[in-house]
>>> print(open('entry21.cif').read())   # mmCIF, C-alpha atoms
data_entry
loop_
_atom_site.label_atom_id
_atom_site.label_comp_id
_atom_site.auth_asym_id
_atom_site.auth_seq_id
_atom_site.Cartn_x
_atom_site.Cartn_y
_atom_site.Cartn_z
CA MET A 152 19.41 -14.90 -2.57
CA VAL A 153 16.62 -12.50 -1.73
CA GLU A 154 15.86 -13.96 1.69
CA LYS A 155 19.37 -13.24 2.95
CA THR A 156 19.71 -9.76 1.46
CA TYR A 157 16.37 -8.55 2.79
CA LYS A 158 16.19 -10.65 5.95
CA ASN A 159 15.44 -7.57 8.05
CA MET A 160 12.41 -6.87 5.84
CA ILE A 161 10.74 -10.24 6.48
CA ILE A 162 7.92 -9.95 8.97
CA HIS A 163 8.43 -12.48 11.77
CA GLN A 164 5.64 -11.21 13.96
CA PRO A 165 2.27 -9.70 13.20
CA PHE A 166 2.43 -6.05 12.25
CA ASP A 167 0.01 -3.38 13.31
CA PRO A 168 -2.70 -3.31 10.61
CA ASN A 169 -3.22 0.37 11.42
CA THR A 170 0.17 1.11 9.80
CA VAL A 171 -0.85 -0.51 6.51
CA ARG A 172 -2.43 2.00 4.17
CA ILE A 173 -3.39 0.61 0.78
CA GLN A 174 -5.72 2.19 -1.72
CA ARG A 175 -7.36 -0.83 -3.30
CA ARG A 176 -8.69 -1.34 -6.78
CA ALA A 177 -8.27 2.11 -8.18
CA SER A 178 -8.63 2.21 -11.94
CA VAL A 179 -6.42 4.22 -14.30
CA MET A 180 -6.03 4.40 -18.04
CA ILE A 181 -2.78 3.20 -19.58
CA GLN A 182 -2.30 6.80 -20.75
CA GLU A 183 -1.80 7.88 -17.12
CA ILE A 184 0.86 5.22 -16.61
CA VAL A 185 2.57 6.31 -19.84
CA GLU A 186 2.56 9.95 -18.68
CA LYS A 187 4.07 8.96 -15.31
CA LEU A 188 6.80 7.03 -17.14
CA GLU A 189 7.52 9.92 -19.52
CA ASN A 190 7.76 12.36 -16.62
CA GLN A 191 9.90 10.05 -14.46
CA LEU A 192 7.12 9.80 -11.88
CA LEU A 193 7.02 6.01 -12.00
CA SER A 194 10.12 4.15 -10.88
CA LEU A 195 10.83 0.67 -12.23
CA ASP A 196 13.64 -0.01 -9.76
CA ARG A 197 12.90 -2.70 -7.19
CA PRO A 198 15.71 -3.53 -4.80
CA TYR A 199 14.52 -7.12 -4.38
CA GLN A 200 13.71 -7.93 -7.99
CA LYS A 201 16.84 -8.53 -10.02
CA SER A 202 15.81 -9.26 -13.61
CA LYS A 203 13.29 -6.92 -15.15
CA LEU A 204 12.04 -9.13 -17.97
CA ASP A 205 12.79 -12.59 -16.61
CA GLY A 206 10.97 -15.06 -18.84
CA TRP A 207 9.26 -12.42 -21.00
CA ASP A 208 10.08 -12.71 -24.67
CA THR A 209 8.60 -10.77 -27.58
CA THR A 210 5.76 -13.30 -27.92
CA LEU A 211 4.61 -12.75 -24.32
CA GLN A 212 4.96 -9.00 -24.72
CA SER A 213 2.98 -9.09 -27.98
CA ARG A 214 0.22 -11.15 -26.41
CA LEU A 215 -0.07 -8.67 -23.55
CA ILE A 216 -0.64 -5.90 -26.11
CA GLU A 217 -3.08 -8.18 -27.94
CA SER A 218 -4.98 -8.74 -24.67
CA ILE A 219 -5.28 -4.98 -24.23
CA LEU A 220 -6.54 -4.58 -27.79
CA LEU A 221 -9.08 -7.36 -27.16
CA ASP A 222 -10.20 -5.63 -23.95
CA ILE A 223 -9.20 -8.60 -21.78
CA PRO A 224 -8.68 -7.47 -18.16
CA LEU A 225 -5.11 -7.63 -16.87
CA PRO A 226 -4.07 -8.63 -13.36
CA SER A 227 -3.86 -5.73 -10.92
CA PHE A 228 -0.74 -3.63 -10.67
CA TYR A 229 0.74 -2.78 -7.28
CA PHE A 230 2.59 0.49 -6.68
CA GLU A 231 4.00 2.15 -3.61
CA ILE A 232 4.29 5.88 -3.04
CA VAL A 233 7.91 6.92 -2.49
CA PRO A 234 9.68 10.28 -2.17
CA ASN A 235 10.68 11.86 -5.47
CA GLU A 236 14.46 12.25 -5.25
CA ASP A 237 14.54 14.66 -8.20
CA LYS A 238 15.28 17.96 -6.44
CA ASN A 239 14.23 19.92 -9.56
CA SER A 240 10.75 18.43 -9.53
CA LYS A 241 7.82 20.24 -7.96
CA ILE A 242 6.19 16.87 -7.27
CA ALA A 243 7.21 15.45 -3.89
CA THR A 244 6.31 11.80 -4.48
CA LYS A 245 6.22 9.26 -7.26
CA TRP A 246 5.02 5.70 -7.78
CA ARG A 247 7.37 2.72 -7.59
CA ILE A 248 6.28 -0.57 -9.12
CA LEU A 249 5.83 -3.40 -6.65
CA ASP A 250 4.13 -5.97 -8.88
CA GLY A 251 3.52 -5.88 -12.63
CA LEU A 252 7.02 -4.85 -13.68
CA GLN A 253 7.11 -6.96 -16.85
CA ARG A 254 3.71 -5.61 -17.93
CA ILE A 255 4.79 -2.00 -17.31
CA ILE A 256 8.06 -2.52 -19.20
CA THR A 257 6.12 -4.04 -22.10
CA ILE A 258 3.75 -1.05 -22.20
CA ARG A 259 6.71 1.36 -22.01
CA ASP A 260 8.68 -0.44 -24.71
CA PHE A 261 5.68 -0.67 -27.05
CA ILE A 262 4.26 2.85 -26.65
CA ILE A 263 7.20 5.06 -25.59
CA ASN A 264 10.39 3.31 -26.76
CA LYS A 265 8.61 1.86 -29.81
CA ASN A 266 10.93 -1.13 -29.94
CA ILE A 267 8.43 -4.00 -29.98
CA ALA A 268 7.01 -5.34 -33.23
CA LEU A 269 4.03 -7.59 -32.54
CA GLN A 270 4.60 -11.26 -33.27
CA ASN A 271 2.97 -14.66 -32.72
CA LEU A 272 -0.43 -13.14 -31.99
CA GLU A 273 -3.27 -15.58 -31.40
CA TYR A 274 -6.23 -13.62 -32.78
CA LEU A 275 -5.19 -10.32 -34.31
CA LYS A 276 -2.97 -11.85 -37.00
CA GLN A 277 -3.43 -8.79 -39.22
CA LEU A 278 -1.29 -6.83 -36.71
CA GLU A 279 1.75 -9.13 -37.01
CA GLY A 280 4.98 -7.15 -37.40
CA LYS A 281 3.37 -3.84 -36.47
CA THR A 282 4.82 -1.40 -33.96
CA TYR A 283 2.79 1.12 -31.99
CA ASP A 284 3.28 3.78 -34.69
CA ASP A 285 2.05 1.34 -37.36
CA LEU A 286 -1.32 0.92 -35.62
CA SER A 287 -4.29 2.99 -36.71
CA ILE A 288 -5.24 5.94 -34.50
CA PRO A 289 -8.35 4.10 -33.20
CA LEU A 290 -6.20 1.13 -32.11
CA GLN A 291 -3.63 3.42 -30.47
CA ARG A 292 -6.47 5.14 -28.64
CA ARG A 293 -7.94 1.79 -27.57
CA ILE A 294 -4.61 0.98 -25.90
CA LYS A 295 -4.28 4.38 -24.21
CA VAL A 296 -7.81 4.42 -22.76
CA PHE A 297 -7.66 0.79 -21.61
CA ARG A 298 -8.27 0.73 -17.85
CA VAL A 299 -6.14 -1.28 -15.44
CA SER A 300 -6.73 -1.98 -11.78
CA ILE A 301 -4.10 -0.71 -9.40
CA ASN A 302 -3.42 -0.98 -5.69
CA ILE A 303 -1.34 1.79 -4.15
CA ILE A 304 0.64 1.30 -0.97
CA LYS A 305 0.60 4.73 0.59
CA THR A 306 3.32 6.65 2.38
CA GLY A 307 3.77 5.55 5.99
CA THR A 308 3.23 1.85 5.36
CA PRO A 309 6.31 -0.01 6.67
CA GLN A 310 8.75 -1.10 3.92
CA ALA A 311 8.66 -4.64 5.32
CA VAL A 312 4.95 -4.78 4.47
CA SER A 313 5.68 -3.84 0.84
CA TYR A 314 8.31 -6.57 0.61
CA ASN A 315 5.92 -9.06 2.21
CA ILE A 316 3.23 -8.17 -0.37
CA PHE A 317 5.80 -8.69 -3.15
CA ARG A 318 6.72 -12.13 -1.73
CA ARG A 319 3.08 -13.14 -1.46
CA LEU A 320 2.30 -12.06 -5.02
CA ASN A 321 5.41 -13.75 -6.43
CA PRO A 322 5.92 -17.06 -4.58
CA SER A 323 7.25 -18.88 -7.65
CA ALA A 324 9.84 -16.15 -8.25
CA GLN A 325 11.12 -16.65 -4.72
CA LYS A 326 11.48 -20.43 -5.22
CA ILE A 327 13.42 -19.88 -8.45
CA LYS A 328 15.78 -17.38 -6.77
CA GLN A 329 16.30 -19.71 -3.80
CA ALA A 330 17.20 -22.55 -6.18
CA LYS A 331 19.83 -20.38 -7.89
#
>>> encode(input="entry21.cif", output="structure tokens")
Amino acid sequence: MVEKTYKNMIIHQPFDPNTVRIQRRASVMIQEIVEKLENQLLSLDRPYQKSKLDGWDTTLQSRLIESILLDIPLPSFYFEIVPNEDKNSKIATKWRILDGLQRIITIRDFIINKNIALQNLEYLKQLEGKTYDDLSIPLQRRIKVFRVSINIIKTGTPQAVSYNIFRRLNPSAQKIKQAK
């Protein structure tokens, strides 16, 4: 159960708001997220989130891609800046996903791993069965230039604050884990 494992990360008293540094509502293209994934500058490991695609089947993944193609805004992503443990890298920090893991994995699996074939689409039925490589160049470009809102928890913000943000953004996930 998450509450027991990360009990020391739960905030029991108010924290100093001066220690919380969050860059709110930045906007990036999916291409930037893809490049961070390809260069191992975006970590998908969350110590307090066990299952990476809990509840996400190919239909949900396909409809996320369809939403992007239809230019429907997605919920904001939350990242935290963490040290880059790759000693060979010249980049000292990288992003770690805090919220939006299933969406990031879907984007990675569709564009980079190329292992999602679209299915059960609501509107773009002509794209059924297509993978990223099967899409026309204009549709591929539409995906890559699609802008998403991100919030970045900057270095120096207490880890307990990051965990608290995760809990607040995912209250139903916590109830499910507590029931297990």
>>> resolve_selection(input="entry21.cif", expression="the PyMOL selection byres ((chain A and resi 285-300) around 8)", output="mmCIF file with C-alpha atoms, in the frame of the given file")
data_model
loop_
_atom_site.group_PDB
_atom_site.id
_atom_site.type_symbol
_atom_site.label_atom_id
_atom_site.label_comp_id
_atom_site.auth_asym_id
_atom_site.auth_seq_id
_atom_site.Cartn_x
_atom_site.Cartn_y
_atom_site.Cartn_z
ATOM 1 C CA ARG A 176 -8.690 -1.340 -6.780
ATOM 2 C CA ALA A 177 -8.270 2.110 -8.180
ATOM 3 C CA SER A 178 -8.630 2.210 -11.940
ATOM 4 C CA VAL A 179 -6.420 4.220 -14.300
ATOM 5 C CA MET A 180 -6.030 4.400 -18.040
ATOM 6 C CA ILE A 181 -2.780 3.200 -19.580
ATOM 7 C CA GLN A 182 -2.300 6.800 -20.750
ATOM 8 C CA ILE A 216 -0.640 -5.900 -26.110
ATOM 9 C CA ILE A 219 -5.280 -4.980 -24.230
ATOM 10 C CA LEU A 220 -6.540 -4.580 -27.790
ATOM 11 C CA ASP A 222 -10.200 -5.630 -23.950
ATOM 12 C CA PRO A 224 -8.680 -7.470 -18.160
ATOM 13 C CA LEU A 225 -5.110 -7.630 -16.870
ATOM 14 C CA PRO A 226 -4.070 -8.630 -13.360
ATOM 15 C CA SER A 227 -3.860 -5.730 -10.920
ATOM 16 C CA PHE A 228 -0.740 -3.630 -10.670
ATOM 17 C CA LEU A 278 -1.290 -6.830 -36.710
ATOM 18 C CA LYS A 281 3.370 -3.840 -36.470
ATOM 19 C CA THR A 282 4.820 -1.400 -33.960
ATOM 20 C CA TYR A 283 2.790 1.120 -31.990
ATOM 21 C CA ASP A 284 3.280 3.780 -34.690
ATOM 22 C CA ILE A 301 -4.100 -0.710 -9.400
ATOM 23 C CA ASN A 302 -3.420 -0.980 -5.690
#
>>> resolve_selection(input="entry21.cif", expression="the PyMOL selection byres ((chain A and resi 229-236) around 7)", output="JSON list (two decimals) with C-alpha atoms, keeping the file's coordinate frame")
[["chain", "number", "residue", "atom", "x", "y", "z"],
["A", 227, "SER", "CA", -3.86, -5.73, -10.92],
["A", 228, "PHE", "CA", -0.74, -3.63, -10.67],
["A", 237, "ASP", "CA", 14.54, 14.66, -8.20],
["A", 238, "LYS", "CA", 15.28, 17.96, -6.44],
["A", 242, "ILE", "CA", 6.19, 16.87, -7.27],
["A", 243, "ALA", "CA", 7.21, 15.45, -3.89],
["A", 244, "THR", "CA", 6.31, 11.80, -4.48],
["A", 245, "LYS", "CA", 6.22, 9.26, -7.26],
["A", 246, "TRP", "CA", 5.02, 5.70, -7.78],
["A", 247, "ARG", "CA", 7.37, 2.72, -7.59],
["A", 248, "ILE", "CA", 6.28, -0.57, -9.12],
["A", 249, "LEU", "CA", 5.83, -3.40, -6.65],
["A", 250, "ASP", "CA", 4.13, -5.97, -8.88],
["A", 251, "GLY", "CA", 3.52, -5.88, -12.63],
["A", 301, "ILE", "CA", -4.10, -0.71, -9.40],
["A", 302, "ASN", "CA", -3.42, -0.98, -5.69],
["A", 303, "ILE", "CA", -1.34, 1.79, -4.15],
["A", 304, "ILE", "CA", 0.64, 1.30, -0.97],
["A", 305, "LYS", "CA", 0.60, 4.73, 0.59],
["A", 306, "THR", "CA", 3.32, 6.65, 2.38]]
>>> atom_distance(input="entry21.cif", atom1="CA of Lys241 in chain A", atom2="CA of Ser194 in chain A")
16.5 Å
>>> closest_residue(input="entry21.cif", among="A:Asp167, A:Ile262, A:Pro309, A:Leu320", to="Glu189 in chain A", atoms="all atoms listed in the file")
A:Ile262
>>> atom_distance(input="entry21.cif", atom1="CA of Gln270 in chain A", atom2="CA of Thr209 in chain A")
7.0 Å
>>> resolve_selection(input="entry21.cif", expression="the PyMOL selection byres ((chain A and resi 274) around 10)", output="PyMOL selection string")
chain A and resi 214+217-218+221+271-273+275-278
>>> write_last_selection(input="entry21.cif", atoms="C-alpha atoms", output="compact mmCIF listing (two decimals), in the frame of the given file")
# COMPACT_ATOMS: atom_id res chain seq x y z
CA ARG A 214 0.22 -11.15 -26.41
CA GLU A 217 -3.08 -8.18 -27.94
CA SER A 218 -4.98 -8.74 -24.67
CA LEU A 221 -9.08 -7.36 -27.16
CA ASN A 271 2.97 -14.66 -32.72
CA LEU A 272 -0.43 -13.14 -31.99
CA GLU A 273 -3.27 -15.58 -31.40
CA LEU A 275 -5.19 -10.32 -34.31
CA LYS A 276 -2.97 -11.85 -37.00
CA GLN A 277 -3.43 -8.79 -39.22
CA LEU A 278 -1.29 -6.83 -36.71
>>> atom_distance(input="entry21.cif", atom1="CA of Trp207 in chain A", atom2="CA of Leu252 in chain A")
10.8 Å
>>> axis_aligned_box(input="entry21.cif", around="range 217-234 of chain A", padding_each_side="4 Å", output="JSON")
{"center_x": -0.3, "center_y": 0.8, "center_z": -15.1, "size_x": 27.9, "size_y": 27.0, "size_z": 33.8}
>>> closest_residue(input="entry21.cif", among="A:Ile173, A:Ala311, A:Ile258, A:Leu193", to="Leu211 in chain A", atoms="only C-alpha atoms")
A:Ile258
